[in-house]
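Structure record follows, encoded as structure tokens.
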Amino acid sequence: MTTPIPYLDLAAQLRPLRKEIDAVIAKTLDNCSYCLGPDVAQFEKDFARFCGTQHAVGFNSGTSALHIALRILDIGPGDEVITTPQTFVATSWAISYVGARPVYVDIDDQTCCIDPKRVEQAITPRTKALMPVHLYGHPCDMDPLLAICKKHNIPLIEDAAQAHGAKYHGKIAGTFGLMAGFSFYPGKNLGACGEGGALVMNDPAQAARARSLREHGSTVRYYHDEVGYNYRMEGIQGGVLGIKLKHLDAWTQGRRRVAHRYHELIADTPLQLPIEAAGAESCYHLYVVRHPRRDDLKKYLEANKVGCALHYPVPLHLQKCYASLGYKQGDFPVAEKAARECLSLPIFPELTDAQIIRVSEVIHDFFKQ
């Protein structure tokens, strides 16, 4: 009987760390340091060091981190923020939360990241920021994006929610713009035991304001300098993330091993495989293949007990929640084509070579039908 291959196996990552994680959770409970606390403070220091930034501020989610980045820039109603239509909706939520308008730009067909060649034509006098997404763990082409931002005096905020440890010309993703938001949702390369996020930056004043805004706009309890939020990271998540961070480099290499095996084993199929652009080093949060018969392939994989997933089948400009923006089918044809064709194959550091071979065999069998 064929053993099912899961799309994602979080338990496999947890098992060898269970005793250490149990101990840090017990310590948090004993100390009653449930919200923020010493473990969060230590994780912030360690994550800033990992990224190569001066500051990291922990949040209850990556969405909150991006929201606060735009609050720090005082972006609001009447303003525009340029971003990509092919990503998880949280990127646009941050823009909407401050009352600004998401302005979408089509993607590069090979990387699925925002296409730098199309960004400048979207800039208007109302443009107050550019928020590119390092999609699927592949870094955006940062040099031309930074050049555009410098030319037009626009801040760049990186959505690095999927890009823990990805590199662009040897430099860690999330360290190019003014600030960068990370997510620690359980399925991310660095995942909490629940929700979590962080905002990294080099400016101490921005870090101080981020800490205030995440805690009800307050630096002294019961004194509130501005309207803030309850966006604090839980103490347990800080402890868990601190343990997991020590293994992130090894896990990234494990993901790259899986990706390279897929490259070798299914290169001869009609699938469009993910690439690493010149100067880019992906951390392979996802391994997304593309084909016009995506839905048929998905059904075939699932029928043969191979897990897979869709990221993201409806671009943001075609989502019902953003109908008021006035976009229509055909406005961003590259993103729309990618959305119709994309399929995520199993990828996690613990995936065995035998499992990778099995996935590739099922894919080959599908194309022989």
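All residue names refer to the structure tokens as shown: chains lettered A, B, ... in order, residues numbered from 1 in each chain, ligands numbered from 1 in order.
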Worksheet entry | Surrounding residues of Pro292 in chain A excluding itself and chain neighbours under 4 positions, 12 Å, only C-alpha atoms, as a ChimeraX atom specification | /A:270-272,296-298,336-343
Export C-alpha atoms of the chosen residues as a PDB file, in the first residue's frame?
```pdb
ATOM      1  CA  PRO A 270       6.128  19.939 -19.858  1.00  0.00           C
ATOM      2  CA  LEU A 271       5.959  21.761 -16.521  1.00  0.00           C
ATOM      3  CA  GLN A 272       7.340  25.268 -16.164  1.00  0.00           C
ATOM      4  CA  ASP A 296      -6.074  17.907 -13.850  1.00  0.00           C
ATOM      5  CA  LEU A 297      -2.558  17.449 -12.501  1.00  0.00           C
ATOM      6  CA  LYS A 298      -3.703  18.391  -9.003  1.00  0.00           C
ATOM      7  CA  GLU A 336      -3.621  35.989 -14.288  1.00  0.00           C
ATOM      8  CA  LYS A 337      -1.883  33.299 -16.340  1.00  0.00           C
ATOM      9  CA  ALA A 338       0.310  32.320 -13.387  1.00  0.00           C
ATOM     10  CA  ALA A 339      -2.769  32.079 -11.171  1.00  0.00           C
ATOM     11  CA  ARG A 340      -4.422  29.695 -13.628  1.00  0.00           C
ATOM     12  CA  GLU A 341      -1.342  27.490 -13.942  1.00  0.00           C
ATOM     13  CA  CYS A 342       0.361  27.445 -10.532  1.00  0.00           C
ATOM     14  CA  LEU A 343       0.622  24.306  -8.385  1.00  0.00           C
TER      15      LEU A 343
END
```
Item to complete: Please provide as a VMD selection string all residues within 8 Å of range 193-205 of chain A, with the sequence filter that same-chain residues fewer than 4 positions apart are discarded (counting only C-alpha atoms).
Response: chain A and resid 48 53 to 66 69 174 to 175 178 to 186 209 233 237 240
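Within the 10 Å cut-off around His247 in chain A, using only C-alpha atoms and omitting residues fewer than 4 positions from it on the same chain, the listed residues are Leu17, Leu190, Gly242, Ile243, Trp251 and Thr252 of chain A.
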Worksheet entry | Every residue of range 9-232 of chain A that DSSP places in strand (DSSP E or B), as a ChimeraX atom specification | /A:35,55-59,80-83,101-104,107,114,127-130,133,156-159,167-168,171-172,179-183,197-201,215,218-220,223-224,230
Discussion item. List the spatial neighbours of Ser324 in chain A as a list in words - criterion: any atom at most 12 Å away, only C-alpha atoms, same-chain residues fewer than 4 positions off excluded.
Written reply: Ser96, Arg101, Pro102, Leu316, His317, Leu318, Gln319, Lys320 and Lys328 of chain A
From the DSSP assignment of the backbone, select every residue of range 49-297 of chain A that is alpha helix (DSSP H), and format the answer as a PDB file with C-alpha atoms, in the first residue's frame.
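selection15.pdb, freshly written:
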```
ATOM      1  CA  ARG A  49      21.346  39.563  14.051  1.00  0.00           C
ATOM      2  CA  PHE A  50      20.252  36.823  11.624  1.00  0.00           C
ATOM      3  CA  CYS A  51      18.917  39.397   9.149  1.00  0.00           C
ATOM      4  CA  GLY A  62       3.199  39.397   9.611  1.00  0.00           C
ATOM      5  CA  THR A  63       0.079  41.282   8.564  1.00  0.00           C
ATOM      6  CA  SER A  64       0.357  43.477  11.660  1.00  0.00           C
ATOM      7  CA  ALA A  65       4.048  44.094  10.965  1.00  0.00           C
ATOM      8  CA  LEU A  66       3.309  45.402   7.450  1.00  0.00           C
ATOM      9  CA  HIS A  67       0.419  47.498   8.740  1.00  0.00           C
ATOM     10  CA  ILE A  68       2.672  49.164  11.306  1.00  0.00           C
ATOM     11  CA  ALA A  69       5.360  49.812   8.671  1.00  0.00           C
ATOM     12  CA  LEU A  70       2.863  51.935   6.741  1.00  0.00           C
ATOM     13  CA  ARG A  71       1.664  53.638   9.941  1.00  0.00           C
ATOM     14  CA  ILE A  72       5.265  54.599  10.726  1.00  0.00           C
ATOM     15  CA  ALA A  90      -2.252  40.269   3.668  1.00  0.00           C
ATOM     16  CA  THR A  91       0.109  42.450   1.627  1.00  0.00           C
ATOM     17  CA  SER A  92      -2.838  44.491   0.404  1.00  0.00           C
ATOM     18  CA  TRP A  93      -4.602  44.360   3.773  1.00  0.00           C
ATOM     19  CA  ALA A  94      -1.801  46.452   5.260  1.00  0.00           C
ATOM     20  CA  ILE A  95      -2.388  49.112   2.606  1.00  0.00           C
ATOM     21  CA  SER A  96      -6.150  49.038   3.099  1.00  0.00           C
ATOM     22  CA  TYR A  97      -5.865  49.177   6.892  1.00  0.00           C
ATOM     23  CA  PRO A 116      10.602  46.212 -12.203  1.00  0.00           C
ATOM     24  CA  LYS A 117      10.109  47.238 -15.843  1.00  0.00           C
ATOM     25  CA  ARG A 118       6.438  47.998 -15.134  1.00  0.00           C
ATOM     26  CA  VAL A 119       6.733  49.815 -11.803  1.00  0.00           C
ATOM     27  CA  MET A 142      16.023  44.680  -5.927  1.00  0.00           C
ATOM     28  CA  ASP A 143      18.602  46.813  -7.769  1.00  0.00           C
ATOM     29  CA  PRO A 144      16.200  48.312 -10.334  1.00  0.00           C
ATOM     30  CA  LEU A 145      13.440  48.640  -7.721  1.00  0.00           C
ATOM     31  CA  LEU A 146      15.737  50.563  -5.389  1.00  0.00           C
ATOM     32  CA  ALA A 147      16.895  52.753  -8.280  1.00  0.00           C
ATOM     33  CA  ILE A 148      13.277  53.646  -9.108  1.00  0.00           C
ATOM     34  CA  CYS A 149      12.539  54.459  -5.471  1.00  0.00           C
ATOM     35  CA  LYS A 150      15.627  56.647  -5.205  1.00  0.00           C
ATOM     36  CA  LYS A 151      14.758  58.486  -8.427  1.00  0.00           C
ATOM     37  CA  HIS A 152      11.229  59.260  -7.236  1.00  0.00           C
ATOM     38  CA  PRO A 204      16.052  53.413  16.133  1.00  0.00           C
ATOM     39  CA  ALA A 205      13.248  55.987  16.019  1.00  0.00           C
ATOM     40  CA  GLN A 206      11.204  53.763  13.686  1.00  0.00           C
ATOM     41  CA  ALA A 207      11.843  50.769  15.961  1.00  0.00           C
ATOM     42  CA  ALA A 208      10.693  52.754  18.996  1.00  0.00           C
ATOM     43  CA  ARG A 209       7.502  53.833  17.241  1.00  0.00           C
ATOM     44  CA  ALA A 210       6.836  50.257  16.090  1.00  0.00           C
ATOM     45  CA  ARG A 211       7.110  49.060  19.699  1.00  0.00           C
ATOM     46  CA  SER A 212       4.738  51.783  20.846  1.00  0.00           C
ATOM     47  CA  LEU A 213       2.159  51.171  18.114  1.00  0.00           C
ATOM     48  CA  ARG A 214       2.076  47.418  18.764  1.00  0.00           C
ATOM     49  CA  GLY A 235       5.855  35.086  25.080  1.00  0.00           C
ATOM     50  CA  ILE A 236       5.448  31.444  24.083  1.00  0.00           C
ATOM     51  CA  GLN A 237       5.953  32.295  20.397  1.00  0.00           C
ATOM     52  CA  GLY A 238       9.128  34.238  21.187  1.00  0.00           C
ATOM     53  CA  GLY A 239      10.535  31.218  23.017  1.00  0.00           C
ATOM     54  CA  VAL A 240       9.588  28.749  20.287  1.00  0.00           C
ATOM     55  CA  LEU A 241      10.953  30.974  17.513  1.00  0.00           C
ATOM     56  CA  GLY A 242      14.204  31.460  19.416  1.00  0.00           C
ATOM     57  CA  ILE A 243      14.740  27.689  19.433  1.00  0.00           C
ATOM     58  CA  LYS A 244      13.761  27.229  15.796  1.00  0.00           C
ATOM     59  CA  LEU A 245      15.901  30.124  14.556  1.00  0.00           C
ATOM     60  CA  LEU A 248      16.848  27.902  10.049  1.00  0.00           C
ATOM     61  CA  ASP A 249      20.055  27.822   7.978  1.00  0.00           C
ATOM     62  CA  ALA A 250      20.066  24.012   7.968  1.00  0.00           C
ATOM     63  CA  TRP A 251      16.375  23.907   7.098  1.00  0.00           C
ATOM     64  CA  THR A 252      16.951  26.323   4.212  1.00  0.00           C
ATOM     65  CA  GLN A 253      19.637  24.032   2.832  1.00  0.00           C
ATOM     66  CA  GLY A 254      17.205  21.135   3.213  1.00  0.00           C
ATOM     67  CA  ARG A 255      14.595  22.987   1.155  1.00  0.00           C
ATOM     68  CA  ARG A 256      17.178  23.804  -1.496  1.00  0.00           C
ATOM     69  CA  ARG A 257      18.152  20.122  -1.630  1.00  0.00           C
ATOM     70  CA  VAL A 258      14.527  19.176  -2.297  1.00  0.00           C
ATOM     71  CA  ALA A 259      14.150  21.871  -4.956  1.00  0.00           C
ATOM     72  CA  HIS A 260      17.307  20.816  -6.782  1.00  0.00           C
ATOM     73  CA  ARG A 261      16.168  17.181  -6.812  1.00  0.00           C
ATOM     74  CA  TYR A 262      12.866  18.269  -8.346  1.00  0.00           C
ATOM     75  CA  HIS A 263      14.865  20.259 -10.918  1.00  0.00           C
ATOM     76  CA  GLU A 264      16.761  17.084 -11.857  1.00  0.00           C
ATOM     77  CA  LEU A 265      13.823  14.679 -11.840  1.00  0.00           C
ATOM     78  CA  ILE A 266      11.057  16.620 -13.615  1.00  0.00           C
ATOM     79  CA  ARG A 294      -2.964  22.444 -13.503  1.00  0.00           C
ATOM     80  CA  ASP A 295      -6.357  21.326 -12.192  1.00  0.00           C
ATOM     81  CA  ASP A 296      -6.074  17.907 -13.850  1.00  0.00           C
ATOM     82  CA  LEU A 297      -2.558  17.449 -12.501  1.00  0.00           C
TER      83      LEU A 297
END
```
Worksheet item: Within 6 Å of Leu130 in chain A, counting only C-alpha atoms, which residues qualify if same-chain residues fewer than 2 places away don't, as number ranges by chain?
Response: A: 81-82, 156
Would you write out those residues with C-alpha atoms, as a PDB file, in the first residue's frame?
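Saved the output as selection-v8.pdb:
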```pdb
ATOM      1  CA  VAL A  81       1.105  52.054  -2.411  1.00  0.00           C
ATOM      2  CA  ILE A  82       2.401  50.029  -5.362  1.00  0.00           C
ATOM      3  CA  LEU A 156      10.535  50.724  -0.213  1.00  0.00           C
TER       4      LEU A 156
END
```
